[in-house]
Amino acid sequence: MSGMVFAPPRRQNSVVLNITPLVDVLFLLIIFFTVAGTFKRTGALELRLPDSTTSTPVDAGTEEQEVQVVLTETGDLLLDGSHTERGELSARLRSMRAENPTRRVMIKAETGVRHGDVVGLLDIVREAGFPGVGIATLQALPSQPARPAS
């Protein structure tokens, strides 16, 4: 017999790649981008504003500085995108005026809203002390007659 001694084979350390944290981070990124991508549109309403041939477009920069009061045909009242009751509208408008006295108010009332309801909103806004109030309309082409209110 020869005197050769073989060393036992060495155990190689195997590398284990655990992808569970990677998948967790990937799912969190997907959720973040999904929510962030639709966040801007969550408060959007499809309003049917009346047409006007004499209305003028509003600059995009001034629209962000406006306080928006929205009144829908179903009677929903929104102040800057959040639902509010008619009784608490005056107090909320006064606090907004105290924070920034130069802001204007834009009333967005749908086509089917009664005239008296819009006048009531105008009174509330004026009592809150805002210097300027506008009523939002859609700009109709001069050649087209304005849509009659339904």
# chains A, B, ... in the order shown; residues from 1 in each chain; ligands from 1

$ residues_around --residues "Leu122 in chain A" --least-positions-apart "3" --cutoff "10 Å" --atoms "only C-alpha atoms" --output "VMD selection string"
chain A and resid 105 to 107 116 to 119 125 to 128 133 to 135

$ write_last_selection --atoms "N, CA and C atoms" --output "CSV table (one decimal), in the first residue's frame"
chain,number,residue,atom,x,y,z
A,105,VAL,N,-62.9,84.0,-3.2
A,105,VAL,CA,-63.8,82.9,-3.1
A,105,VAL,C,-64.4,82.6,-4.5
A,106,MET,N,-64.4,81.4,-5.0
A,106,MET,CA,-65.0,81.0,-6.2
A,106,MET,C,-66.1,80.0,-5.9
A,107,ILE,N,-67.3,80.3,-6.3
A,107,ILE,CA,-68.5,79.5,-6.1
A,107,ILE,C,-68.7,78.7,-7.3
A,116,GLY,N,-81.8,80.6,-5.7
A,116,GLY,CA,-81.8,81.0,-4.3
A,116,GLY,C,-80.7,80.4,-3.5
A,117,ASP,N,-80.3,79.1,-3.8
A,117,ASP,CA,-79.2,78.5,-3.1
A,117,ASP,C,-77.9,79.2,-3.3
A,118,VAL,N,-77.7,79.6,-4.6
A,118,VAL,CA,-76.5,80.3,-4.9
A,118,VAL,C,-76.4,81.7,-4.2
A,119,VAL,N,-77.6,82.4,-4.2
A,119,VAL,CA,-77.6,83.7,-3.5
A,119,VAL,C,-77.4,83.5,-2.0
A,125,VAL,N,-70.7,84.1,2.1
A,125,VAL,CA,-69.3,84.5,1.8
A,125,VAL,C,-69.1,86.0,2.1
A,126,ARG,N,-70.1,86.8,1.7
A,126,ARG,CA,-69.9,88.2,2.0
A,126,ARG,C,-69.9,88.5,3.5
A,127,GLU,N,-70.7,87.8,4.3
A,127,GLU,CA,-70.8,88.0,5.7
A,127,GLU,C,-69.4,87.6,6.3
A,128,ALA,N,-68.7,86.6,5.7
A,128,ALA,CA,-67.5,86.2,6.2
A,128,ALA,C,-66.4,87.2,6.0
A,133,VAL,N,-65.8,87.7,-4.8
A,133,VAL,CA,-66.5,86.4,-5.0
A,133,VAL,C,-66.7,86.3,-6.5
A,134,GLY,N,-66.4,85.1,-7.0
A,134,GLY,CA,-66.6,84.7,-8.4
A,134,GLY,C,-67.5,83.5,-8.5
A,135,ILE,N,-68.2,83.4,-9.7
A,135,ILE,CA,-69.0,82.3,-9.9
A,135,ILE,C,-68.5,81.6,-11.1

$ closest_residue --among "A:Ile124, A:Val67, A:Ile31, A:Leu78" --to "Thr102 in chain A" --atoms "only C-alpha atoms"
A:Val67

$ residues_around --residues "range 82-91 of chain A" --least-positions-apart "4" --cutoff "12 Å" --atoms "only C-alpha atoms" --output "count of residues only"
30

$ select_by_dssp --residues "range 57-140 of chain A" --states "strand (DSSP E or B)" --output "PyMOL selection string"
chain A and resi 67-71+77-79+82-83+105-109+133-135+138-139
